[in-house]
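query08.pdb (PDB, C-alpha atoms) appears below.
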```pdb
ATOM      1  CA  MET A 210      14.649   3.962  18.366
ATOM      2  CA  LEU A 211      12.449   2.979  21.297
ATOM      3  CA  TYR A 212      12.939   6.072  23.428
ATOM      4  CA  SER A 213       9.982   5.073  25.601
ATOM      5  CA  GLU A 214      12.088   2.150  26.851
ATOM      6  CA  LYS A 215      15.695   3.281  26.504
ATOM      7  CA  ALA A 216      15.233   6.866  27.701
ATOM      8  CA  PRO A 217      11.968   6.851  29.697
ATOM      9  CA  GLU A 218      12.806  10.095  31.496
ATOM     10  CA  GLY A 219      13.836  11.957  28.354
ATOM     11  CA  ARG A 220      11.937  14.744  26.681
ATOM     12  CA  TYR A 221      10.789  12.587  23.763
ATOM     13  CA  SER A 222       9.343   9.954  26.081
ATOM     14  CA  GLU A 223       7.593  12.640  28.090
ATOM     15  CA  SER A 224       6.095  14.034  24.889
ATOM     16  CA  ILE A 225       4.869  10.576  23.879
ATOM     17  CA  ARG A 226       3.223  10.137  27.273
ATOM     18  CA  THR A 227       1.514  13.518  26.841
ATOM     19  CA  ILE A 228       0.195  12.380  23.460
ATOM     20  CA  ARG A 229      -1.012   9.151  25.084
ATOM     21  CA  THR A 230      -2.901  11.174  27.696
ATOM     22  CA  ASN A 231      -4.456  13.401  25.038
ATOM     23  CA  ILE A 232      -5.648  10.373  23.080
ATOM     24  CA  LYS A 233      -7.198   8.895  26.219
ATOM     25  CA  CYS A 234      -9.031  12.187  26.821
ATOM     26  CA  LEU A 235     -10.342  12.138  23.255
ATOM     27  CA  SER A 236     -11.626   8.625  23.878
ATOM     28  CA  VAL A 237     -13.911   9.622  26.757
ATOM     29  CA  ASP A 238     -16.926  10.156  24.494
ATOM     30  CA  ASN A 239     -15.769   8.453  21.299
ATOM     31  CA  GLU A 240     -13.481   5.454  21.746
ATOM     32  CA  LYS A 241     -10.194   5.726  19.875
ATOM     33  CA  LYS A 242      -9.143   2.109  19.913
ATOM     34  CA  VAL A 243      -7.590   1.761  16.448
ATOM     35  CA  LEU A 244      -5.081   4.520  15.738
ATOM     36  CA  LEU A 245      -3.464   5.009  12.348
ATOM     37  CA  VAL A 246      -0.055   6.705  12.322
ATOM     38  CA  THR A 247       1.009   8.160   8.987
ATOM     39  CA  SER A 248       3.024  11.080   7.627
ATOM     40  CA  VAL A 249       2.933  13.506   4.737
ATOM     41  CA  SER A 250       6.059  12.052   3.123
ATOM     42  CA  LYS A 251       8.853   9.608   3.926
ATOM     43  CA  GLY A 252      11.470  10.237   6.607
ATOM     44  CA  GLU A 253       9.252  12.187   8.989
ATOM     45  CA  GLY A 254       9.320   9.626  11.809
ATOM     46  CA  LYS A 255       5.949   7.886  11.602
ATOM     47  CA  SER A 256       7.287   4.385  12.348
ATOM     48  CA  THR A 257       9.320   5.618  15.317
ATOM     49  CA  THR A 258       6.231   7.414  16.602
ATOM     50  CA  ALA A 259       4.012   4.354  16.146
ATOM     51  CA  GLY A 260       6.479   2.086  17.940
ATOM     52  CA  ASN A 261       6.945   4.430  20.869
ATOM     53  CA  LEU A 262       3.207   5.052  21.199
ATOM     54  CA  ALA A 263       2.626   1.304  21.427
ATOM     55  CA  VAL A 264       5.201   0.974  24.194
ATOM     56  CA  ALA A 265       3.813   4.044  26.008
ATOM     57  CA  PHE A 266       0.285   2.615  26.064
ATOM     58  CA  SER A 267       1.630  -0.699  27.356
ATOM     59  CA  GLN A 268       3.343   1.168  30.202
ATOM     60  CA  ASP A 269      -0.138   2.354  31.138
ATOM     61  CA  GLU A 270      -1.112  -1.324  31.605
ATOM     62  CA  LYS A 271      -2.961  -1.504  28.284
ATOM     63  CA  LYS A 272      -2.871  -4.501  25.970
ATOM     64  CA  VAL A 273      -1.514  -3.183  22.676
ATOM     65  CA  LEU A 274      -1.084  -4.528  19.156
ATOM     66  CA  LEU A 275       1.391  -2.808  16.848
ATOM     67  CA  LEU A 276       0.341  -3.611  13.284
ATOM     68  CA  ASP A 277       2.728  -2.867  10.420
ATOM     69  CA  CYS A 278       0.616  -1.954   7.388
ATOM     70  CA  ASP A 279       3.466  -0.341   5.498
ATOM     71  CA  LEU A 280       3.646  -3.218   3.050
ATOM     72  CA  ARG A 281       6.030  -1.372   0.731
ATOM     73  CA  LYS A 282       8.803  -0.166   3.036
ATOM     74  CA  SER A 283       8.248  -1.746   6.429
ATOM     75  CA  GLN A 284      10.342  -0.643   9.387
ATOM     76  CA  ILE A 285       8.666  -2.061  12.473
ATOM     77  CA  HIS A 286      10.418  -5.444  12.317
ATOM     78  CA  LYS A 287      13.784  -3.665  12.132
ATOM     79  CA  MET A 288      12.971  -1.384  15.049
ATOM     80  CA  PHE A 289      11.966  -4.294  17.271
ATOM     81  CA  GLU A 290      14.563  -6.705  15.832
ATOM     82  CA  LEU A 291      12.010  -9.234  14.627
ATOM     83  CA  SER A 292      11.848 -11.608  11.685
ATOM     84  CA  ASN A 293       9.608 -10.531   8.817
ATOM     85  CA  GLN A 294       9.390 -13.911   7.091
ATOM     86  CA  ILE A 295       5.687 -14.111   7.846
ATOM     87  CA  GLY A 296       3.243 -11.366   8.731
ATOM     88  CA  LEU A 297       0.134  -9.464   7.717
ATOM     89  CA  THR A 298       0.283 -10.262   4.008
ATOM     90  CA  ASP A 299       0.435 -13.970   4.784
ATOM     91  CA  ILE A 300      -2.798 -13.700   6.791
ATOM     92  CA  LEU A 301      -4.581 -11.743   4.057
ATOM     93  CA  ALA A 302      -3.424 -14.203   1.402
ATOM     94  CA  ASN A 303      -5.114 -17.025   3.337
ATOM     95  CA  GLU A 304      -1.786 -18.714   3.896
ATOM     96  CA  ILE A 305      -1.618 -18.623   7.687
ATOM     97  CA  LYS A 306      -3.693 -17.953  10.813
ATOM     98  CA  VAL A 307      -3.288 -14.726  12.766
ATOM     99  CA  GLU A 308      -2.071 -16.546  15.894
ATOM    100  CA  ALA A 309       0.931 -17.828  13.964
ATOM    101  CA  VAL A 310       2.251 -14.374  13.077
ATOM    102  CA  ILE A 311       1.818 -12.559  16.395
ATOM    103  CA  ASN A 312       5.159 -11.641  17.960
ATOM    104  CA  LYS A 313       5.067 -11.402  21.763
ATOM    105  CA  TYR A 314       7.379  -8.458  22.326
ATOM    106  CA  SER A 315       6.430  -8.014  25.981
ATOM    107  CA  GLU A 316       3.657  -8.912  28.384
ATOM    108  CA  LYS A 317       1.505  -6.068  27.052
ATOM    109  CA  VAL A 318       2.781  -5.535  23.482
ATOM    110  CA  ASP A 319       2.104  -7.824  20.544
ATOM    111  CA  ILE A 320       3.420  -7.082  17.058
ATOM    112  CA  ILE A 321       2.327  -8.219  13.615
ATOM    113  CA  THR A 322       4.959  -7.384  11.025
ATOM    114  CA  SER A 323       4.149  -6.631   7.389
ATOM    115  CA  GLY A 324       5.150 -10.027   5.995
ATOM    116  CA  LYS A 325       6.204 -10.946   2.484
ATOM    117  CA  LYS A 326       6.072  -8.269  -0.206
ATOM    118  CA  VAL A 327       3.070  -8.490  -2.523
ATOM    119  CA  LEU A 328       2.113  -6.992  -5.866
ATOM    120  CA  ASN A 329      -1.211  -5.565  -4.663
ATOM    121  CA  PRO A 330      -0.717  -3.958  -1.219
ATOM    122  CA  CYS A 331      -3.367  -1.275  -1.736
ATOM    123  CA  GLU A 332      -6.011  -3.841  -2.675
ATOM    124  CA  MET A 333      -5.085  -6.022   0.303
ATOM    125  CA  LEU A 334      -5.438  -3.161   2.793
ATOM    126  CA  SER A 335      -8.767  -2.023   1.357
ATOM    127  CA  SER A 336     -10.203  -5.546   1.216
ATOM    128  CA  ASN A 337     -13.127  -6.804   3.257
ATOM    129  CA  LYS A 338     -10.830  -9.482   4.666
ATOM    130  CA  PHE A 339      -8.608  -6.808   6.238
ATOM    131  CA  LYS A 340     -11.650  -5.093   7.739
ATOM    132  CA  LEU A 341     -12.850  -8.386   9.226
ATOM    133  CA  LEU A 342      -9.368  -9.075  10.615
ATOM    134  CA  LEU A 343      -9.294  -5.645  12.240
ATOM    135  CA  ASP A 344     -12.750  -6.169  13.734
ATOM    136  CA  ASP A 345     -11.564  -9.454  15.238
ATOM    137  CA  LEU A 346      -8.404  -7.875  16.664
ATOM    138  CA  ARG A 347     -10.431  -5.063  18.240
ATOM    139  CA  GLU A 348     -11.949  -7.604  20.602
ATOM    140  CA  LYS A 349      -8.537  -8.720  21.862
ATOM    141  CA  TYR A 350      -6.670  -5.447  22.475
ATOM    142  CA  ASP A 351      -7.158  -2.156  24.295
ATOM    143  CA  TYR A 352      -5.333  -0.325  21.508
ATOM    144  CA  ILE A 353      -4.212  -1.156  17.985
ATOM    145  CA  ILE A 354      -1.503   1.115  16.588
ATOM    146  CA  ILE A 355      -1.179   0.931  12.792
ATOM    147  CA  ASP A 356       1.928   2.081  10.956
ATOM    148  CA  SER A 357       1.090   2.984   7.345
ATOM    149  CA  PRO A 358       2.853   4.378   4.266
ATOM    150  CA  PRO A 359       3.086   8.175   3.833
ATOM    151  CA  LEU A 360       0.128  10.016   2.337
ATOM    152  CA  ASP A 361       1.961  11.565  -0.602
ATOM    153  CA  SER A 362       3.131   8.339  -2.217
ATOM    154  CA  VAL A 363       0.287   5.793  -2.374
ATOM    155  CA  ALA A 364      -3.395   5.471  -1.441
ATOM    156  CA  ASP A 365      -2.775   2.911   1.334
ATOM    157  CA  ALA A 366      -3.010   5.354   4.264
ATOM    158  CA  LYS A 367      -6.245   6.889   2.963
ATOM    159  CA  ASN A 368      -7.814   3.442   2.617
ATOM    160  CA  LEU A 369      -6.627   2.435   6.090
ATOM    161  CA  SER A 370      -7.983   5.624   7.677
ATOM    162  CA  VAL A 371     -11.537   4.560   6.803
ATOM    163  CA  ASN A 372     -11.310   1.649   9.256
ATOM    164  CA  ALA A 373      -9.375   3.503  11.970
ATOM    165  CA  ASP A 374     -10.973   5.351  14.887
ATOM    166  CA  GLY A 375      -8.437   8.136  14.540
ATOM    167  CA  THR A 376      -5.531   9.161  12.326
ATOM    168  CA  ILE A 377      -2.354  10.864  13.525
ATOM    169  CA  ILE A 378      -0.208  12.707  10.989
ATOM    170  CA  VAL A 379       3.495  12.975  11.785
ATOM    171  CA  VAL A 380       5.378  15.927  10.276
ATOM    172  CA  LYS A 381       9.025  16.936  10.502
ATOM    173  CA  SER A 382       9.846  20.361  11.898
ATOM    174  CA  GLU A 383      11.319  22.800   9.347
ATOM    175  CA  THR A 384      10.980  20.178   6.601
ATOM    176  CA  THR A 385       7.305  19.391   5.950
ATOM    177  CA  LYS A 386       5.683  22.036   3.773
ATOM    178  CA  LYS A 387       2.462  23.640   5.017
ATOM    179  CA  ASN A 388       0.741  23.183   1.651
ATOM    180  CA  SER A 389       1.711  19.501   1.610
ATOM    181  CA  LEU A 390       0.165  19.021   5.052
ATOM    182  CA  LEU A 391      -3.022  20.793   3.958
ATOM    183  CA  GLU A 392      -3.240  18.570   0.869
ATOM    184  CA  ALA A 393      -2.747  15.507   3.057
ATOM    185  CA  LYS A 394      -5.587  16.653   5.304
ATOM    186  CA  LYS A 395      -7.867  17.198   2.306
ATOM    187  CA  SER A 396      -7.132  13.705   0.998
ATOM    188  CA  LEU A 397      -8.133  12.185   4.352
ATOM    189  CA  ASP A 398     -11.223  14.378   4.626
ATOM    190  CA  LYS A 399     -12.425  13.147   1.219
ATOM    191  CA  VAL A 400     -12.559   9.533   2.385
ATOM    192  CA  GLY A 401     -13.877  10.334   5.868
ATOM    193  CA  GLY A 402     -10.621   9.769   7.716
ATOM    194  CA  LYS A 403     -10.886  11.031  11.284
ATOM    195  CA  ILE A 404      -7.795  13.126  12.056
ATOM    196  CA  VAL A 405      -7.181  13.358  15.807
ATOM    197  CA  GLY A 406      -4.006  15.415  15.624
ATOM    198  CA  VAL A 407      -0.635  16.263  14.138
ATOM    199  CA  ILE A 408       2.679  15.397  15.786
ATOM    200  CA  VAL A 409       5.546  17.753  14.995
ATOM    201  CA  ASN A 410       8.740  15.705  15.096
ATOM    202  CA  ARG A 411      12.394  16.762  15.393
ATOM    203  CA  VAL A 412      11.694  20.116  16.984
ATOM    204  CA  LYS A 413      14.917  21.935  17.787
ATOM    205  CA  SER A 414      15.312  22.853  21.410
ATOM    206  CA  LYS A 415      17.795  24.601  23.647
ATOM    207  CA  ARG A 416      17.186  21.915  26.217
ATOM    208  CA  PRO A 417      19.863  19.154  26.417
ATOM    209  CA  LEU A 418      17.886  16.405  24.664
ATOM    210  CA  TYR A 419      17.505  16.295  20.904
ATOM    211  CA  TYR A 420      13.713  16.093  20.692
TER     212      TYR A 420
END
```

Rewrite the structure of this file - the entire thing - as structure tokens.
Amino acid sequence: MLYSEKAPEGRYSESIRTIRTNIKCLSVDNEKKVLLVTSVSKGEGKSTTAGNLAVAFSQDEKKVLLLDCDLRKSQIHKMFELSNQIGLTDILANEIKVEAVINKYSEKVDIITSGKKVLNPCEMLSSNKFKLLLDDLREKYDYIIIDSPPLDSVADAKNLSVNADGTIIVVKSETTKKNSLLEAKKSLDKVGGKIVGVIVNRVKSKRPLYY
């Protein structure tokens, strides 16, 4: 759900804006332009977080690209009610130009969905062609928010973290195991992934709103 749009005064939206501010502060000395959003395992809210972060940055008058790199179980097109007939995989397979797959969600938010399913998603995301695509997109946007698969299932997120300026790990309160999070951190450290923080999702509160 896009809480940043549908409930802009809610607690979740306020938390997302706080995260946005923290990221901007981190970028003072070292620019954090490409941000990878992942999780330890499935169902922890990484796609929701990525989508809402993109909207939050756009509300700060930044030009944002939301890039769905979860080529196995994509959710971004569903969240934003977009077609996924063509997308990232079509670009990487040399079948279509990037301009043809960009969805203009709003004045400040563009979205590239995952595209057709492929047999080699990990190889596609670790290819030199993906790196060159990302370098080209860097020149066109203030921020690029990447949604990736969870860390415990496939190597995609680790490969993507190498080309990101910062990685955010989303965990679910009272569900994600501490040891699993530590293992996820170790796996990113091994490849040089730059972790900028952990977002704890679904925190119970006595306040009226759910998040």

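Residues in contact range of A:Lys399, defined as at most 12 Å between all atoms listed in the file, with sequence neighbours fewer than 3 positions away removed, read Lys367, Asn368, Ser370, Val371, Glu392, Ala393, Lys394, Lys395, Ser396, Gly402, Lys403 and Ile404 of chain A.
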
Please write as a PyMOL selection string the full residue list that the PyMOL selection byres ((chain A and resi 312-326) around 9) yields on this file. chain A and resi 263-264+266-268+270-281+283-286+289+291-300+307-311+327-330

Can you spell out as a count of residues only the set of residues that the PyMOL selection byres ((chain A and resi 341-346) around 10) selects in the structure I just provided? 21

Atom CA of A:Val363 to atom CA of A:Lys282: how many Å, to one decimal?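 These two atoms are separated by 11.7 Å.
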
For A:Glu253, find every residue with an atom within 8 Å (counting all atoms listed in the file), except residues of its own chain fewer than 2 positions away, and show them as a list in words.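 Result of the neighbour search: Ser248, Val249, Ser250, Lys251, Lys255, Val379, Val380, Lys381 and Asn410 of chain A.
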
Please indicate the distance in Å from atom CA of A:Glu240 to atom CA of A:Thr376, rounded to one decimal place.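 Rounded to one decimal, the two atoms are 12.9 Å apart.
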
Can you list, as a PDB file with C-alpha atoms, in the frame of the given file, the residues that the PyMOL selection byres ((chain A and resi 233) around 12) selects here?
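Just written: part_5.pdb:
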```
ATOM      1  CA  ARG A 226       3.223  10.137  27.273  1.00  0.00           C
ATOM      2  CA  THR A 227       1.514  13.518  26.841  1.00  0.00           C
ATOM      3  CA  ILE A 228       0.195  12.380  23.460  1.00  0.00           C
ATOM      4  CA  ARG A 229      -1.012   9.151  25.084  1.00  0.00           C
ATOM      5  CA  THR A 230      -2.901  11.174  27.696  1.00  0.00           C
ATOM      6  CA  ASN A 231      -4.456  13.401  25.038  1.00  0.00           C
ATOM      7  CA  ILE A 232      -5.648  10.373  23.080  1.00  0.00           C
ATOM      8  CA  CYS A 234      -9.031  12.187  26.821  1.00  0.00           C
ATOM      9  CA  LEU A 235     -10.342  12.138  23.255  1.00  0.00           C
ATOM     10  CA  SER A 236     -11.626   8.625  23.878  1.00  0.00           C
ATOM     11  CA  VAL A 237     -13.911   9.622  26.757  1.00  0.00           C
ATOM     12  CA  ASP A 238     -16.926  10.156  24.494  1.00  0.00           C
ATOM     13  CA  ASN A 239     -15.769   8.453  21.299  1.00  0.00           C
ATOM     14  CA  GLU A 240     -13.481   5.454  21.746  1.00  0.00           C
ATOM     15  CA  LYS A 241     -10.194   5.726  19.875  1.00  0.00           C
ATOM     16  CA  LYS A 242      -9.143   2.109  19.913  1.00  0.00           C
ATOM     17  CA  LEU A 244      -5.081   4.520  15.738  1.00  0.00           C
ATOM     18  CA  PHE A 266       0.285   2.615  26.064  1.00  0.00           C
ATOM     19  CA  ASP A 269      -0.138   2.354  31.138  1.00  0.00           C
ATOM     20  CA  LYS A 271      -2.961  -1.504  28.284  1.00  0.00           C
ATOM     21  CA  ASP A 351      -7.158  -2.156  24.295  1.00  0.00           C
ATOM     22  CA  TYR A 352      -5.333  -0.325  21.508  1.00  0.00           C
ATOM     23  CA  GLY A 375      -8.437   8.136  14.540  1.00  0.00           C
ATOM     24  CA  VAL A 405      -7.181  13.358  15.807  1.00  0.00           C
TER      25      VAL A 405
END
```
